[in-house]
>>> print(open('protein.txt').read())   # compact mmCIF, C-alpha atoms (C1' of nucleotides)
# COMPACT_ATOMS: atom_id res chain seq x y z
CA MET A 1 -8.59 -13.81 -6.76
CA SER A 2 -10.36 -14.80 -3.55
CA ASN A 3 -10.40 -12.16 -0.91
CA PHE A 4 -8.80 -14.19 1.85
CA ARG A 5 -6.05 -15.16 -0.54
CA LYS A 6 -5.38 -11.47 -1.00
CA GLN A 7 -5.27 -10.99 2.74
CA PHE A 8 -2.76 -13.75 3.24
CA ASN A 9 -0.61 -12.14 0.59
CA LYS A 10 -0.33 -8.94 2.56
CA GLY A 11 3.18 -8.38 3.75
CA VAL A 12 4.24 -11.76 2.46
CA LEU A 13 4.80 -10.40 -1.03
CA GLU A 14 7.02 -7.65 0.26
CA LEU A 15 8.96 -10.24 2.22
CA GLY A 16 9.43 -12.42 -0.85
CA ILE A 17 10.57 -9.50 -2.97
CA MET A 18 13.08 -8.43 -0.35
CA LYS A 19 14.40 -11.97 -0.11
CA LEU A 20 14.98 -12.18 -3.85
CA LEU A 21 16.75 -8.83 -3.81
CA VAL A 22 18.96 -9.94 -0.93
CA GLU A 23 20.12 -12.72 -3.21
CA GLN A 24 20.73 -10.58 -6.27
CA ASP A 25 19.73 -7.45 -8.14
CA GLN A 26 16.62 -7.86 -10.25
CA TYR A 27 14.31 -5.86 -12.43
CA GLY A 28 10.56 -5.72 -11.95
CA TYR A 29 9.44 -8.17 -14.53
CA SER A 30 11.96 -10.79 -13.44
CA LEU A 31 10.69 -10.50 -9.87
CA ILE A 32 7.20 -11.41 -11.03
CA GLU A 33 8.57 -14.46 -12.79
CA GLU A 34 10.84 -15.50 -9.93
CA ILE A 35 8.11 -15.21 -7.33
CA HIS A 36 5.90 -17.32 -9.51
CA SER A 37 8.40 -20.02 -10.39
CA ARG A 38 10.12 -20.31 -7.05
CA SER A 39 6.83 -20.58 -5.20
CA GLY A 40 5.99 -23.49 -7.45
CA GLY A 41 3.34 -21.48 -9.26
CA ILE A 42 1.43 -20.89 -6.05
CA ILE A 43 2.04 -17.19 -5.61
CA GLU A 44 1.18 -14.87 -8.42
CA LEU A 45 2.35 -11.31 -8.15
CA LYS A 46 0.57 -8.87 -10.43
CA ASP A 47 2.48 -6.04 -12.04
CA GLY A 48 -0.02 -3.54 -10.68
CA THR A 49 0.92 -4.87 -7.25
CA LEU A 50 4.66 -5.13 -7.73
CA TYR A 51 5.58 -1.69 -8.94
CA PRO A 52 3.86 0.22 -6.14
CA ILE A 53 5.67 -2.06 -3.68
CA LEU A 54 9.00 -1.27 -5.32
CA TYR A 55 8.38 2.48 -5.21
CA ARG A 56 7.39 2.19 -1.58
CA LEU A 57 10.54 0.27 -0.70
CA GLU A 58 12.62 2.78 -2.62
CA ASP A 59 11.00 5.72 -0.83
CA GLN A 60 12.02 4.10 2.42
CA LYS A 61 15.57 3.62 1.12
CA TRP A 62 15.41 -0.11 1.60
CA ILE A 63 16.15 -0.60 -2.08
CA GLU A 64 17.73 1.48 -4.83
CA SER A 65 17.22 1.41 -8.58
CA TYR A 66 19.31 1.91 -11.69
CA TRP A 67 18.53 1.63 -15.37
CA GLU A 68 20.37 -0.81 -17.55
CA THR A 69 20.19 -0.69 -21.32
CA GLN A 70 20.16 -4.01 -23.09
CA THR A 71 23.05 -4.81 -25.40
CA GLY A 72 21.86 -4.29 -28.94
CA ARG A 73 18.15 -4.77 -28.48
CA GLY A 74 15.54 -5.04 -25.77
CA LYS A 75 13.92 -2.33 -23.67
CA PRO A 76 16.01 -0.76 -20.93
CA ARG A 77 15.36 -2.44 -17.60
CA LYS A 78 15.11 -0.83 -14.21
CA TYR A 79 17.11 -2.91 -11.78
CA TYR A 80 16.72 -2.85 -8.04
CA ARG A 81 19.34 -3.55 -5.42
CA ILE A 82 18.86 -3.86 -1.68
CA THR A 83 20.51 -1.35 0.67
CA GLU A 84 22.16 -2.01 4.02
CA SER A 85 19.11 -0.76 5.91
CA GLY A 86 17.01 -2.88 3.58
CA LYS A 87 18.88 -5.98 4.68
CA GLN A 88 18.15 -5.13 8.29
CA ARG A 89 14.51 -4.51 7.47
CA PHE A 90 14.34 -7.88 5.79
CA GLU A 91 15.71 -9.60 8.88
CA ASP A 92 13.13 -7.84 11.06
CA MET A 93 10.28 -8.73 8.74
CA LEU A 94 11.39 -12.32 8.49
CA GLU A 95 11.49 -12.67 12.23
CA ASP A 96 8.02 -11.25 12.59
CA TYR A 97 6.72 -13.42 9.83
CA LEU A 98 8.13 -16.57 11.37
CA ASP A 99 6.72 -15.58 14.74
CA VAL A 100 3.20 -15.00 13.48
CA ASN A 101 3.43 -18.15 11.47
CA LEU A 102 4.48 -20.22 14.42
CA GLY A 103 1.70 -18.74 16.51
CA ILE A 104 -1.02 -19.45 14.03
CA GLN A 105 0.30 -22.96 13.37
CA LYS A 106 -0.12 -23.71 17.04
CA ILE A 107 -3.72 -22.60 16.91
CA ILE A 108 -4.56 -24.42 13.70
CA LYS A 109 -2.85 -27.73 14.36
CA HIS A 110 -4.84 -28.92 17.31
CA MET B 1 2.90 -2.75 16.93
CA SER B 2 5.22 -2.84 13.93
CA ASN B 3 3.57 -2.30 10.64
CA PHE B 4 4.74 -5.49 8.97
CA ARG B 5 3.56 -7.43 11.96
CA LYS B 6 0.11 -5.95 11.35
CA GLN B 7 0.28 -6.96 7.73
CA PHE B 8 1.16 -10.54 8.55
CA ASN B 9 -1.81 -10.63 10.87
CA LYS B 10 -4.22 -9.83 8.09
CA GLY B 11 -6.49 -12.72 7.40
CA VAL B 12 -4.57 -14.90 9.83
CA LEU B 13 -6.57 -13.58 12.76
CA GLU B 14 -9.83 -14.36 11.06
CA LEU B 15 -8.53 -17.85 10.35
CA GLY B 16 -7.57 -18.37 13.99
CA ILE B 17 -10.91 -17.14 15.25
CA MET B 18 -12.77 -19.44 12.89
CA LYS B 19 -10.63 -22.37 13.99
CA LEU B 20 -11.42 -21.78 17.65
CA LEU B 21 -15.12 -21.51 16.86
CA VAL B 22 -15.01 -24.73 14.87
CA GLU B 23 -13.83 -26.38 18.06
CA GLN B 24 -16.40 -24.84 20.37
CA ASP B 25 -18.66 -21.87 20.99
CA GLN B 26 -16.90 -18.93 22.55
CA TYR B 27 -17.53 -15.35 23.58
CA GLY B 28 -15.42 -12.43 22.50
CA TYR B 29 -13.23 -11.98 25.50
CA SER B 30 -12.39 -15.67 25.68
CA LEU B 31 -11.31 -15.61 22.05
CA ILE B 32 -8.78 -12.93 22.85
CA GLU B 33 -7.38 -15.03 25.65
CA GLU B 34 -7.38 -18.26 23.69
CA ILE B 35 -5.61 -16.72 20.71
CA HIS B 36 -3.01 -15.35 23.06
CA SER B 37 -2.43 -18.45 25.12
CA ARG B 38 -2.61 -21.03 22.37
CA SER B 39 -0.22 -19.08 20.18
CA GLY B 40 2.24 -19.19 23.04
CA GLY B 41 1.82 -15.49 23.68
CA ILE B 42 2.98 -14.63 20.19
CA ILE B 43 -0.27 -13.40 18.72
CA GLU B 44 -2.12 -10.66 20.48
CA LEU B 45 -5.60 -9.86 19.31
CA LYS B 46 -6.96 -6.48 20.39
CA ASP B 47 -10.59 -6.12 21.33
CA GLY B 48 -10.93 -3.23 18.93
CA THR B 49 -9.82 -5.67 16.25
CA LEU B 50 -11.83 -8.66 17.37
CA TYR B 51 -15.32 -7.27 17.57
CA PRO B 52 -15.41 -5.81 14.06
CA ILE B 53 -14.19 -9.19 12.78
CA LEU B 54 -17.00 -10.96 14.61
CA TYR B 55 -19.64 -8.60 13.22
CA ARG B 56 -18.22 -9.08 9.76
CA LEU B 57 -18.34 -12.85 10.07
CA GLU B 58 -21.86 -12.67 11.42
CA ASP B 59 -23.02 -10.44 8.55
CA GLN B 60 -21.75 -13.11 6.18
CA LYS B 61 -23.64 -15.78 8.15
CA TRP B 62 -20.45 -17.69 8.86
CA ILE B 63 -21.09 -17.40 12.56
CA GLU B 64 -24.14 -16.77 14.77
CA SER B 65 -24.41 -15.19 18.19
CA TYR B 66 -26.52 -15.67 21.29
CA TRP B 67 -26.46 -14.06 24.70
CA GLU B 68 -25.94 -16.13 27.79
CA THR B 69 -26.58 -14.78 31.25
CA GLN B 70 -24.17 -15.87 33.95
CA THR B 71 -25.60 -17.94 36.79
CA GLY B 72 -25.97 -15.64 39.77
CA ARG B 73 -23.48 -13.01 38.92
CA GLY B 74 -21.25 -11.92 36.08
CA LYS B 75 -22.07 -9.88 33.01
CA PRO B 76 -24.05 -11.57 30.24
CA ARG B 77 -21.77 -12.89 27.56
CA LYS B 78 -22.32 -12.89 23.83
CA TYR B 79 -21.40 -16.31 22.51
CA TYR B 80 -20.59 -17.12 18.93
CA ARG B 81 -21.13 -20.40 17.13
CA ILE B 82 -19.97 -21.36 13.66
CA THR B 83 -22.52 -22.14 10.96
CA GLU B 84 -22.38 -24.85 8.30
CA SER B 85 -21.34 -22.35 5.65
CA GLY B 86 -18.81 -21.02 8.14
CA LYS B 87 -17.22 -24.45 8.39
CA GLN B 88 -16.87 -24.54 4.63
CA ARG B 89 -15.43 -21.06 4.59
CA PHE B 90 -12.90 -22.11 7.18
CA GLU B 91 -11.79 -25.04 5.07
CA ASP B 92 -11.37 -22.77 2.06
CA MET B 93 -9.43 -20.21 4.03
CA LEU B 94 -7.20 -22.83 5.56
CA GLU B 95 -6.36 -24.27 2.18
CA ASP B 96 -5.46 -20.87 0.81
CA TYR B 97 -3.42 -20.06 3.87
CA LEU B 98 -1.43 -23.27 3.65
CA ASP B 99 -0.87 -22.68 -0.05
CA VAL B 100 0.46 -19.17 0.36
CA ASN B 101 2.54 -20.33 3.26
CA LEU B 102 4.10 -23.16 1.32
CA GLY B 103 4.83 -20.81 -1.55
CA ILE B 104 6.57 -18.23 0.55
CA GLN B 105 8.52 -20.87 2.46
CA LYS B 106 9.96 -22.06 -0.81
CA ILE B 107 11.12 -18.55 -1.62
CA ILE B 108 12.52 -17.82 1.81
CA LYS B 109 14.31 -21.07 2.51
CA HIS B 110 16.89 -20.98 -0.21
C1' DC C 1 -14.66 3.17 48.38
C1' DA C 2 -11.12 2.89 44.96
C1' DA C 3 -8.80 0.18 41.78
C1' DT C 4 -8.68 -3.50 38.70
C1' DA C 5 -10.52 -6.95 35.61
C1' DT C 6 -14.12 -8.37 32.70
C1' DA C 7 -16.92 -7.55 28.60
C1' DC C 8 -18.66 -5.19 24.89
C1' DC C 9 -18.85 -1.34 21.36
C1' DT C 10 -17.56 2.66 17.99
C1' DT C 11 -14.95 5.96 15.12
C1' DG C 12 -11.13 7.21 12.47
C1' DT C 13 -6.67 6.08 10.26
C1' DA C 14 -3.06 3.76 7.73
C1' DA C 15 -1.58 0.17 4.94
C1' DT C 16 -1.74 -2.49 0.86
C1' DA C 17 -3.17 -6.05 -2.96
C1' DC C 18 -5.68 -5.84 -6.84
C1' DA C 19 -8.31 -4.56 -11.09
C1' DA C 20 -8.11 -1.93 -14.90
C1' DA C 21 -6.32 1.12 -17.68
C1' DG C 22 -2.44 3.08 -20.17
C1' DT C 23 2.39 3.72 -22.75
C1' DA C 24 5.98 1.88 -25.51
C1' DA C 25 9.45 -1.14 -27.59
C1' DC C 26 10.65 -5.40 -29.26
C1' DT C 27 9.65 -10.21 -31.34
C1' DT C 28 7.24 -13.67 -33.91
C1' DA C 29 4.04 -15.47 -37.23
C1' DT C 30 1.50 -14.80 -41.29
C1' DA D 1 5.56 -5.54 -44.00
C1' DT D 2 1.92 -5.91 -40.91
C1' DA D 3 -0.59 -7.75 -37.04
C1' DA D 4 -0.40 -9.97 -32.85
C1' DG D 5 1.87 -11.11 -28.90
C1' DT D 6 5.34 -10.44 -25.28
C1' DT D 7 8.17 -7.68 -22.46
C1' DA D 8 8.43 -3.81 -19.33
C1' DC D 9 7.08 -0.06 -16.77
C1' DT D 10 3.39 3.27 -14.81
C1' DT D 11 -0.89 5.21 -12.75
C1' DT D 12 -5.58 5.64 -10.66
C1' DG D 13 -9.18 4.01 -7.95
C1' DT D 14 -11.33 0.53 -4.80
C1' DA D 15 -11.95 -2.74 -1.09
C1' DT D 16 -10.32 -4.75 2.90
C1' DT D 17 -8.79 -4.83 7.42
C1' DA D 18 -5.81 -4.37 11.93
C1' DC D 19 -5.13 -1.04 15.08
C1' DA D 20 -5.26 3.05 18.22
C1' DA D 21 -8.02 5.43 21.04
C1' DG D 22 -11.89 6.44 22.82
C1' DG D 23 -16.24 4.92 25.13
C1' DT D 24 -19.92 2.21 28.35
C1' DA D 25 -20.96 -0.80 32.17
C1' DT D 26 -20.70 -4.55 35.63
C1' DA D 27 -18.14 -7.42 38.91
C1' DT D 28 -14.37 -8.34 41.97
C1' DT D 29 -10.69 -7.38 45.21
C1' DG D 30 -8.04 -4.76 48.57
>>> encode(input="protein.txt", output="structure tokens")
Amino acid sequence: MSNFRKQFNKGVLELGIMKLLVEQDQYGYSLIEEIHSRSGGIIELKDGTLYPILYRLEDQKWIESYWETQTGRGKPRKYYRITESGKQRFEDMLEDYLDVNLGIQKIIKH
Amino acid sequence: MSNFRKQFNKGVLELGIMKLLVEQDQYGYSLIEEIHSRSGGIIELKDGTLYPILYRLEDQKWIESYWETQTGRGKPRKYYRITESGKQRFEDMLEDYLDVNLGIQKIIKH
DNA sequence: CAATATACCTTGTAATACAAAGTAACTTAT
DNA sequence: ATAAGTTACTTTGTATTACAAGGTATATTG
């Protein structure tokens, strides 16, 4: 992946993950798929990127996890749910993201 | 500055700097002011951030520099001008930025 | 003369996306 | 039944980069 693409992803991925978790509990693998499909295939989140993000968010108590065994078959899945402080954090991040975005748009569209 | 704010800045600052240099030659200090004013005061670029970016861009031959002495008085200023390959790089970056942006917008606005 | 603004530069730190590797269970095709 | 593929989670190491905090030096203003 191009290096500037990586740079633009910074922070944005965390924001996207938080947003999906605000909507509903999800497990890691489903987050990868959701990010991909809902972004229209534009954003690809690698598993080696996702899991460290999830552990980070959990360390900060912005999300919590619980294991869920599949009925009958299927590997157990580790679900994540957002906490109250996580919701606040998401709001803060979103605001900052929109701000930066607005600022850079003004510079670019000239 | 908040940490997520920093993250959102990654890459975006380089993009903004390149955009301003596509428009016209500028020296470091003026870039800081332009980024600030044109973003409506939203984006603040620190000098300790700017200069390393400029050296990086110059190493890659995306920009070139030249000193200009001020008529009569005033410190000499180091101006930067974008190169041909720099213009191409800017186009590539812009495309990637708009892509990522579109992708994340789709996830967020739901 | 002191304070402020202009202008440039350097070092060290923290954050984080990715590549690459691994483990393991389940599913599908041959 | 076996091999190959998919699902699912984990870890280690690397590269990038924005910032804080320090510095130098000249010019302007009170």
>>> closest_residue(input="protein.txt", among="C:DC26, C:DA21, C:DC9, C:DA15", to="DT11 (chain D)", atoms="all atoms listed in the file")
C:DA21
>>> interface_residues(input="protein.txt", of="chain C", to="chain B", cutoff="9 Å", atoms="all atoms listed in the file", output="list in words")
DT6, DA7, DC8, DC9, DT10, DA15 and DT16 of chain C
>>> write_last_selection(input="protein.txt", atoms="C-alpha atoms (C1' of nucleotides)", output="mmCIF file, in the frame of the given file")
data_model
loop_
_atom_site.group_PDB
_atom_site.id
_atom_site.type_symbol
_atom_site.label_atom_id
_atom_site.label_comp_id
_atom_site.auth_asym_id
_atom_site.auth_seq_id
_atom_site.Cartn_x
_atom_site.Cartn_y
_atom_site.Cartn_z
ATOM 1 C "C1'" DT C 6 -14.120 -8.370 32.700
ATOM 2 C "C1'" DA C 7 -16.920 -7.550 28.600
ATOM 3 C "C1'" DC C 8 -18.660 -5.190 24.890
ATOM 4 C "C1'" DC C 9 -18.850 -1.340 21.360
ATOM 5 C "C1'" DT C 10 -17.560 2.660 17.990
ATOM 6 C "C1'" DA C 15 -1.580 0.170 4.940
ATOM 7 C "C1'" DT C 16 -1.740 -2.490 0.860
#
>>> closest_residue(input="protein.txt", among="B:Glu23, B:Leu45, B:Lys87, B:Ile63", to="chain D", atoms="all atoms listed in the file")
B:Leu45
>>> axis_aligned_box(input="protein.txt", around="region 42-61 of chain A", padding_each_side="3 Å", output="AutoDock Vina command-line options")
--center_x 7.8 --center_y -7.6 --center_z -4.8 --size_x 21.6 --size_y 32.6 --size_z 20.5
>>> atom_distance(input="protein.txt", atom1="C1' of DT14 (chain D)", atom2="CA of Ser2 (chain B)")
25.2 Å
>>> atom_distance(input="protein.txt", atom1="C1' of DG12 (chain C)", atom2="CA of Leu15 (chain A)")
28.5 Å
>>> residues_around(input="protein.txt", residues="Glu64 (chain B)", least_positions_apart="3", cutoff="12 Å", atoms="only C-alpha atoms (C1' of nucleotides)", output="ChimeraX atom specification")
/B:18,21,25-27,54-61,67,78-86
>>> write_last_selection(input="protein.txt", atoms="C-alpha atoms", output="mmCIF file, keeping the file's coordinate frame")
data_model
loop_
_atom_site.group_PDB
_atom_site.id
_atom_site.type_symbol
_atom_site.label_atom_id
_atom_site.label_comp_id
_atom_site.auth_asym_id
_atom_site.auth_seq_id
_atom_site.Cartn_x
_atom_site.Cartn_y
_atom_site.Cartn_z
ATOM 1 C CA MET B 18 -12.770 -19.440 12.890
ATOM 2 C CA LEU B 21 -15.120 -21.510 16.860
ATOM 3 C CA ASP B 25 -18.660 -21.870 20.990
ATOM 4 C CA GLN B 26 -16.900 -18.930 22.550
ATOM 5 C CA TYR B 27 -17.530 -15.350 23.580
ATOM 6 C CA LEU B 54 -17.000 -10.960 14.610
ATOM 7 C CA TYR B 55 -19.640 -8.600 13.220
ATOM 8 C CA ARG B 56 -18.220 -9.080 9.760
ATOM 9 C CA LEU B 57 -18.340 -12.850 10.070
ATOM 10 C CA GLU B 58 -21.860 -12.670 11.420
ATOM 11 C CA ASP B 59 -23.020 -10.440 8.550
ATOM 12 C CA GLN B 60 -21.750 -13.110 6.180
ATOM 13 C CA LYS B 61 -23.640 -15.780 8.150
ATOM 14 C CA TRP B 67 -26.460 -14.060 24.700
ATOM 15 C CA LYS B 78 -22.320 -12.890 23.830
ATOM 16 C CA TYR B 79 -21.400 -16.310 22.510
ATOM 17 C CA TYR B 80 -20.590 -17.120 18.930
ATOM 18 C CA ARG B 81 -21.130 -20.400 17.130
ATOM 19 C CA ILE B 82 -19.970 -21.360 13.660
ATOM 20 C CA THR B 83 -22.520 -22.140 10.960
ATOM 21 C CA GLU B 84 -22.380 -24.850 8.300
ATOM 22 C CA SER B 85 -21.340 -22.350 5.650
ATOM 23 C CA GLY B 86 -18.810 -21.020 8.140
#
>>> decode(input="protein.txt", residues="chain C", atoms="C-alpha atoms (C1' of nucleotides)", output="CSV table (one decimal), in the first residue's frame")
chain,number,residue,atom,x,y,z
C,1,DC,C1',17.6,49.0,25.7
C,2,DA,C1',14.1,45.5,26.3
C,3,DA,C1',10.6,43.0,24.4
C,4,DT,C1',8.4,41.0,20.6
C,5,DA,C1',8.0,39.1,16.0
C,6,DT,C1',10.2,36.9,12.2
C,7,DA,C1',12.8,33.0,10.4
C,8,DC,C1',15.2,28.9,10.5
C,9,DC,C1',17.0,24.5,12.6
C,10,DT,C1',17.7,20.1,15.7
C,11,DT,C1',16.9,16.3,19.0
C,12,DG,C1',14.0,13.1,21.2
C,13,DT,C1',9.5,11.0,21.9
C,14,DA,C1',5.0,8.9,21.1
C,15,DA,C1',1.8,7.0,18.1
C,16,DT,C1',0.3,3.8,14.8
C,17,DA,C1',-0.5,1.2,10.1
C,18,DC,C1',1.5,-2.4,8.0
C,19,DA,C1',4.1,-6.6,6.6
C,20,DA,C1',5.0,-11.0,7.9
C,21,DA,C1',4.7,-14.6,10.5
C,22,DG,C1',2.2,-17.8,13.4
C,23,DT,C1',-1.8,-20.8,15.7
C,24,DA,C1',-6.0,-23.3,15.2
C,25,DA,C1',-10.7,-24.7,13.9
C,26,DC,C1',-14.0,-25.3,10.5
C,27,DT,C1',-15.7,-26.0,5.5
C,28,DT,C1',-15.5,-27.3,0.8
C,29,DA,C1',-13.9,-29.8,-3.2
C,30,DT,C1',-11.6,-33.7,-5.0
